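Everything below concerns the one structure shown next.
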Amino acid sequence: MGWKEEYRKKLTTAEEAVKLIKPGDRISISHAAAEPTHLVDALMANKDAYHNVEIVHMVPMGTCAYARPGMENHFRHNAIFVGAPTRETIKNGHGDYTPCHFSQIPNLFYRTLPLNAALIHVSPPDAHGFCSLGLSVDYSKHAAAQAPVVIAQVNRLMPRTLGDSFVHVSAMTAIVEHDAPLLELAPPVLTEVEKAIAHNCASLINDGDCMQLGIGAIPDAVLLSLMDKNDLGIHSELISDGVADLAKAGVITHKRKNFHQGTAIVTFIMGTKKLYDYVDNNPSLNIYPATYVNDPYVAGKNDNLVSINSCLQVDFLGQVCAETINGVQISGVGGQTDFVRAAAISKGGRSIIAFPSTAAGGSISRIVPFLDPGAAVTTSRNDVEYVITEYGVANLRYRTTRDRARMLIELAHPKFRDALKEAFKRRFNTAF
Ligand code: COA
């Protein structure tokens with residue numbers, strides 16, 4: 001049977017397709033902007049047929065109705081990255097968070113979290129019957145390969161990204177055609193503090209560097225401050241609109257990359273339609289699973305790799321918490337540690353943790369003597385390198401714990417420095 005006939009035979013409605021999911025199943029959903037929202041809606045409409053269906057995914061951009069109160073008898077969410085729509089369910093104990101480096105998440109499905117079904121979102125098939133996973137290959141490709149049941153939403157608005165992004169029609173169990181706009185994340189409106197942080201980051205970036213940019217407002221702000229650089233390259237877990245803008249402006253050329261020269265390497269894409277149009281069928285961007293893109297030894301093959309990520313709290317030792325507030329999980333490790341370690345392996349590499357010195361409207365210092373009780377250490381003190389706030393830049397690597405604390409206090413907001421100096425004296429039995 002040719003792939004076209006197979007495609008026709010597998011065509012069904014979302015309502016019928018989700019009946020393949022049985023009580024007690026574990027399913028994965030492609031995440032972020034690639035969430036197959038039409039299939040998720042059908043899953044919700046069929047909720048009464050389900051009991052204890054475990055839903056696994058990373059970045060939640062959709063409504064996540066299955067994680068809301070009242071759904072406990074039908075669904076249980078196992079988050080490998082937490083976001084605003086799923087925080088409460090994890091906090092209340094109706095869901096779980098599974099800590100795992102992004103580079104290792106795709107292999108979870110072959111180890112501790114084998115799937116019964118994968119819900120994916122793809123572009124229409126090409127002449128050979130291959131559909132592109134478009135905006136999210138990261139764990140979606142492995143999920144589709146491991147799960148015995150693969151339900152695909154085929155959407156003509158899903159960009160056809162190139163690289164290791166393809167799933168053949170023969171690997172799908174059920175195919176649902178449904179065109180709908182993809183989920184979008186608007187670029188943040190930047191504050192003066194974020195602009196100052198971005199300016200400090202830009203001072204460490206040289207022409208020809210290869211960039212990784214993390215999640216949150218700061219990495220986006222950094223992109224806007226790079227307009228006067230030349231021949232930057234990208235090897236990054238994630239890209240947002242700012243990368244397309246810099247590529248169109250001729251700042252990002254990938255020309256000086258020594259590894260995958262001439263092309264961006266990414267594992268997922270999250271932004272607006274402008275970005276999705278840019279990545280469609282674009283040979284200057286290749287998308288691969290996170291097992292490849294985020295593997296520190298792969299990413300570290302790029303000379304001059306600069307990783308830029310953000311955080312919530314840093315203690316005097318240089319321990320970086322990017323995931324919890326008062327011990328409550330609010331995001332996840334994602335690829336932060338993967339890329340901090342990749343930058344350490346890279347010849348000429350630098351890792352940057354950049355963050356505003358305060359939080360909660362300026363009432364809390366993010367630089368603290370001790371992390372909150374129950375805080376997750378995302379980047380350890382052994383891995384941390386550059387730390388940046390709006391007040392400056394510090395390189396903590398290979399510095400003593402006392403030196404680190406002194407350097408960090410200089411980066412704190414002035415209104416907290418006296419209290420931090422007192423804490424320094426108590427902690428280290430030394431004058432500041
Ligand atoms: N105490 C109390 N509240 C805090 C806080 C602290 N120490 N730090 C931050 N907050 C509050 C902020 O005030 C803000 O509140 P608001 O929404 O009411 O304004 C909220 O928490 C979010 O903080 P913010 O720093 O604005 O978040 P962000 O969107 O810039 O994202 C991270 C920052 C750290 C959450 C994000 O970068 C992340 O998830 N990192 C981990 C994963 C990662 O780095 N991946 C990299 C590869 S993609």
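By convention here, the chains of the structure tokens are called A, B, ... in the order presented, each chain's residues are numbered starting at 1, and ligands are numbered starting at 1 in the order presented.
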
Kindly provide the residues of chain A that approach ligand 1 to within 6 Å, each paired with its closest atom pair and their distance in Å to one decimal, based on only C-alpha atoms and all ligand atoms, listed by chain and increasing number, as a Markdown table.
```
| residue | atom | partner | partner_atom_place_in_ligand_line | distance |
| --- | --- | --- | --- | --- |
| A:Gly214 | CA | ligand 1 | 48 (S) | 3.6 |
| A:Ile215 | CA | ligand 1 | 48 (S) | 4.3 |
| A:Gly216 | CA | ligand 1 | 30 (O) | 3.8 |
| A:Ala217 | CA | ligand 1 | 30 (O) | 4.3 |
| A:Ile218 | CA | ligand 1 | 30 (O) | 5.9 |
| A:Glu237 | CA | ligand 1 | 48 (S) | 5.9 |
| A:Leu238 | CA | ligand 1 | 48 (S) | 5.7 |
| A:Asn309 | CA | ligand 1 | 44 (O) | 4.9 |
| A:Ser310 | CA | ligand 1 | 37 (O) | 4.3 |
| A:Cys311 | CA | ligand 1 | 34 (C) | 3.5 |
| A:Leu312 | CA | ligand 1 | 8 (N) | 3.8 |
| A:Gln313 | CA | ligand 1 | 7 (N) | 4.8 |
| A:Ala322 | CA | ligand 1 | 34 (C) | 4.1 |
| A:Glu323 | CA | ligand 1 | 41 (C) | 5.7 |
| A:Ile325 | CA | ligand 1 | 1 (N) | 5.5 |
| A:Ser331 | CA | ligand 1 | 39 (O) | 4.7 |
| A:Gly332 | CA | ligand 1 | 41 (C) | 5.3 |
| A:Val333 | CA | ligand 1 | 42 (C) | 4.6 |
| A:Gly334 | CA | ligand 1 | 45 (N) | 4.4 |
| A:Gly335 | CA | ligand 1 | 47 (C) | 4.1 |
| A:Gln336 | CA | ligand 1 | 46 (C) | 4.0 |
| A:Ala359 | CA | ligand 1 | 13 (O) | 4.0 |
| A:Ala360 | CA | ligand 1 | 13 (O) | 3.8 |
| A:Arg366 | CA | ligand 1 | 7 (N) | 4.7 |
```

- Find the residues around Val53 of chain A up to 8 Å (only C-alpha atoms counted), leave out those fewer than 6 positions away in its own chain, and share them as a ChimeraX atom specification. /A:22-27,74-76

- Task: Determine which residues of segment 67-175 of chain A DSSP labels as strand (DSSP E or B) from the backbone of this structure, then write them out as a PyMOL selection string.
- Result: chain A and resi 75-79+95-97+117-122+130-132+136+149-154+162-163+166-168+174-175

Take the residues that were just selected and, keeping N, CA, C and O atoms, output them as a CSV table (one decimal), in the first residue's frame.
```
chain,number,residue,atom,x,y,z
A,75,PHE,N,-7.8,12.8,34.8
A,75,PHE,CA,-6.4,13.0,34.3
A,75,PHE,C,-5.5,13.3,35.5
A,75,PHE,O,-5.9,13.8,36.5
A,76,ARG,N,-4.2,12.9,35.3
A,76,ARG,CA,-3.2,13.3,36.2
A,76,ARG,C,-2.0,13.9,35.4
A,76,ARG,O,-1.6,13.3,34.4
A,77,HIS,N,-1.6,15.1,35.7
A,77,HIS,CA,-0.6,15.8,34.9
A,77,HIS,C,0.8,15.5,35.5
A,77,HIS,O,1.0,15.7,36.7
A,78,ASN,N,1.7,15.0,34.7
A,78,ASN,CA,3.1,14.8,35.1
A,78,ASN,C,3.9,15.8,34.3
A,78,ASN,O,4.1,15.6,33.1
A,79,ALA,N,4.3,16.9,34.9
A,79,ALA,CA,5.0,18.0,34.2
A,79,ALA,C,6.5,17.7,34.2
A,79,ALA,O,7.1,17.4,35.2
A,95,GLY,N,-1.0,17.0,40.7
A,95,GLY,CA,-0.1,16.7,39.6
A,95,GLY,C,1.3,16.5,40.2
A,95,GLY,O,1.5,16.7,41.4
A,96,ASP,N,2.2,16.2,39.3
A,96,ASP,CA,3.6,15.9,39.7
A,96,ASP,C,4.6,16.7,38.8
A,96,ASP,O,4.3,17.0,37.7
A,97,TYR,N,5.8,16.9,39.3
A,97,TYR,CA,6.9,17.4,38.5
A,97,TYR,C,8.0,16.4,38.5
A,97,TYR,O,8.4,15.9,39.6
A,117,ALA,N,0.5,6.4,24.3
A,117,ALA,CA,0.1,7.1,23.1
A,117,ALA,C,0.9,8.5,23.1
A,117,ALA,O,1.2,9.0,24.1
A,118,ALA,N,1.1,9.0,21.9
A,118,ALA,CA,1.7,10.3,21.7
A,118,ALA,C,0.8,11.1,20.8
A,118,ALA,O,0.4,10.6,19.8
A,119,LEU,N,0.5,12.3,21.3
A,119,LEU,CA,-0.3,13.3,20.5
A,119,LEU,C,0.7,14.3,19.9
A,119,LEU,O,1.4,15.0,20.6
A,120,ILE,N,0.8,14.3,18.5
A,120,ILE,CA,1.7,15.2,17.9
A,120,ILE,C,1.0,16.1,16.9
A,120,ILE,O,-0.2,15.9,16.6
A,121,HIS,N,1.7,17.1,16.4
A,121,HIS,CA,1.2,18.2,15.6
A,121,HIS,C,2.1,18.4,14.4
A,121,HIS,O,3.3,18.7,14.7
A,122,VAL,N,1.7,18.2,13.2
A,122,VAL,CA,2.6,18.1,12.1
A,122,VAL,C,2.1,18.9,10.9
A,122,VAL,O,0.9,19.3,10.8
A,130,PHE,N,6.3,12.2,4.2
A,130,PHE,CA,6.9,12.7,5.5
A,130,PHE,C,6.3,14.0,6.0
A,130,PHE,O,6.2,14.9,5.2
A,131,CYS,N,5.8,14.0,7.2
A,131,CYS,CA,5.3,15.2,7.8
A,131,CYS,C,6.4,15.8,8.7
A,131,CYS,O,7.1,15.0,9.4
A,132,SER,N,6.4,17.1,8.8
A,132,SER,CA,7.4,17.7,9.7
A,132,SER,C,6.8,18.0,11.1
A,132,SER,O,5.6,18.5,11.1
A,136,SER,N,8.3,21.8,17.2
A,136,SER,CA,8.8,21.0,18.4
A,136,SER,C,9.2,19.6,18.0
A,136,SER,O,8.3,18.8,17.8
A,149,VAL,N,0.8,4.0,20.0
A,149,VAL,CA,-0.3,4.7,19.3
A,149,VAL,C,0.2,6.1,19.1
A,149,VAL,O,0.6,6.8,20.0
A,150,VAL,N,0.1,6.6,17.8
A,150,VAL,CA,0.5,8.0,17.5
A,150,VAL,C,-0.7,8.7,16.8
A,150,VAL,O,-1.1,8.2,15.8
A,151,ILE,N,-1.1,9.7,17.4
A,151,ILE,CA,-2.3,10.5,16.9
A,151,ILE,C,-1.7,11.8,16.4
A,151,ILE,O,-1.1,12.6,17.2
A,152,ALA,N,-1.9,12.1,15.1
A,152,ALA,CA,-1.3,13.3,14.5
A,152,ALA,C,-2.4,14.3,14.1
A,152,ALA,O,-3.3,13.9,13.4
A,153,GLN,N,-2.2,15.5,14.5
A,153,GLN,CA,-3.0,16.6,14.0
A,153,GLN,C,-2.2,17.2,12.8
A,153,GLN,O,-1.1,17.7,13.0
A,154,VAL,N,-2.8,17.1,11.6
A,154,VAL,CA,-2.1,17.6,10.4
A,154,VAL,C,-2.7,19.0,10.2
A,154,VAL,O,-3.9,19.1,9.9
A,162,LEU,N,13.2,22.0,8.7
A,162,LEU,CA,14.1,21.0,8.2
A,162,LEU,C,15.0,20.5,9.2
A,162,LEU,O,15.1,21.0,10.3
A,163,GLY,N,15.7,19.4,8.9
A,163,GLY,CA,16.6,18.7,9.9
A,163,GLY,C,16.0,17.3,10.2
A,163,GLY,O,15.5,16.7,9.3
A,166,PHE,N,11.2,14.8,10.8
A,166,PHE,CA,10.1,14.2,10.0
A,166,PHE,C,9.6,12.9,10.6
A,166,PHE,O,10.4,12.1,11.2
A,167,VAL,N,8.3,12.8,10.5
A,167,VAL,CA,7.6,11.5,10.9
A,167,VAL,C,6.8,11.0,9.7
A,167,VAL,O,6.1,11.8,9.1
A,168,HIS,N,7.0,9.8,9.3
A,168,HIS,CA,6.3,9.2,8.1
A,168,HIS,C,4.9,8.9,8.5
A,168,HIS,O,4.6,8.4,9.6
A,174,ALA,N,-3.4,7.3,13.8
A,174,ALA,CA,-4.6,8.0,13.4
A,174,ALA,C,-4.2,9.4,12.9
A,174,ALA,O,-3.3,10.0,13.5
A,175,ILE,N,-4.9,9.9,11.9
A,175,ILE,CA,-4.5,11.2,11.3
A,175,ILE,C,-5.8,12.1,11.3
A,175,ILE,O,-6.8,11.7,10.8
```

- DSSP-assigned helix (DSSP H, G or I) among segment 269-324 of chain A, expressed as a ChimeraX atom specification: /A:273-279,290-293,296-299

Go ahead and dump the residues you just picked, N, CA and C atoms, as a short mmCIF file (atom, residue, chain, number, x, y, z; two decimals), in the first residue's frame.
```
data_model
loop_
_atom_site.label_atom_id
_atom_site.label_comp_id
_atom_site.auth_asym_id
_atom_site.auth_seq_id
_atom_site.Cartn_x
_atom_site.Cartn_y
_atom_site.Cartn_z
N LYS A 273 3.67 34.50 14.75
CA LYS A 273 3.56 34.02 13.36
C LYS A 273 4.74 34.50 12.52
N LYS A 274 5.24 35.69 12.86
CA LYS A 274 6.40 36.22 12.11
C LYS A 274 7.57 35.23 12.16
N LEU A 275 7.80 34.65 13.33
CA LEU A 275 8.88 33.66 13.49
C LEU A 275 8.53 32.36 12.76
N TYR A 276 7.27 31.94 12.89
CA TYR A 276 6.87 30.68 12.26
C TYR A 276 6.98 30.77 10.73
N ASP A 277 6.69 31.95 10.17
CA ASP A 277 6.86 32.14 8.72
C ASP A 277 8.34 32.08 8.36
N TYR A 278 9.17 32.63 9.25
CA TYR A 278 10.62 32.67 8.97
C TYR A 278 11.23 31.25 8.94
N VAL A 279 10.77 30.39 9.83
CA VAL A 279 11.40 29.05 9.92
C VAL A 279 10.86 28.07 8.89
N ALA A 290 16.16 16.98 21.35
CA ALA A 290 16.94 17.55 22.46
C ALA A 290 18.10 16.64 22.85
N THR A 291 17.98 15.34 22.57
CA THR A 291 19.10 14.43 22.87
C THR A 291 20.36 14.85 22.12
N TYR A 292 20.17 15.52 20.99
CA TYR A 292 21.31 15.99 20.19
C TYR A 292 21.63 17.46 20.52
N VAL A 293 20.64 18.33 20.35
CA VAL A 293 20.89 19.78 20.48
C VAL A 293 21.40 20.12 21.89
N PRO A 296 25.45 18.30 26.18
CA PRO A 296 26.56 19.25 26.40
C PRO A 296 27.78 18.96 25.53
N TYR A 297 28.01 17.67 25.24
CA TYR A 297 29.19 17.34 24.43
C TYR A 297 28.97 17.67 22.96
N VAL A 298 27.72 17.68 22.51
CA VAL A 298 27.41 18.09 21.13
C VAL A 298 27.44 19.62 21.05
N ALA A 299 26.66 20.28 21.91
CA ALA A 299 26.61 21.75 21.87
C ALA A 299 28.00 22.34 22.12
#
```

- Query: Using only C-alpha atoms, which of the listed residues (A:Glu410, A:Asp48, A:Asp403, A:Asp138) sits closest to Ser165 of chain A?
  - Reply: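 The shortest atom-to-atom distance to Ser165 of chain A comes from A:Asp138.
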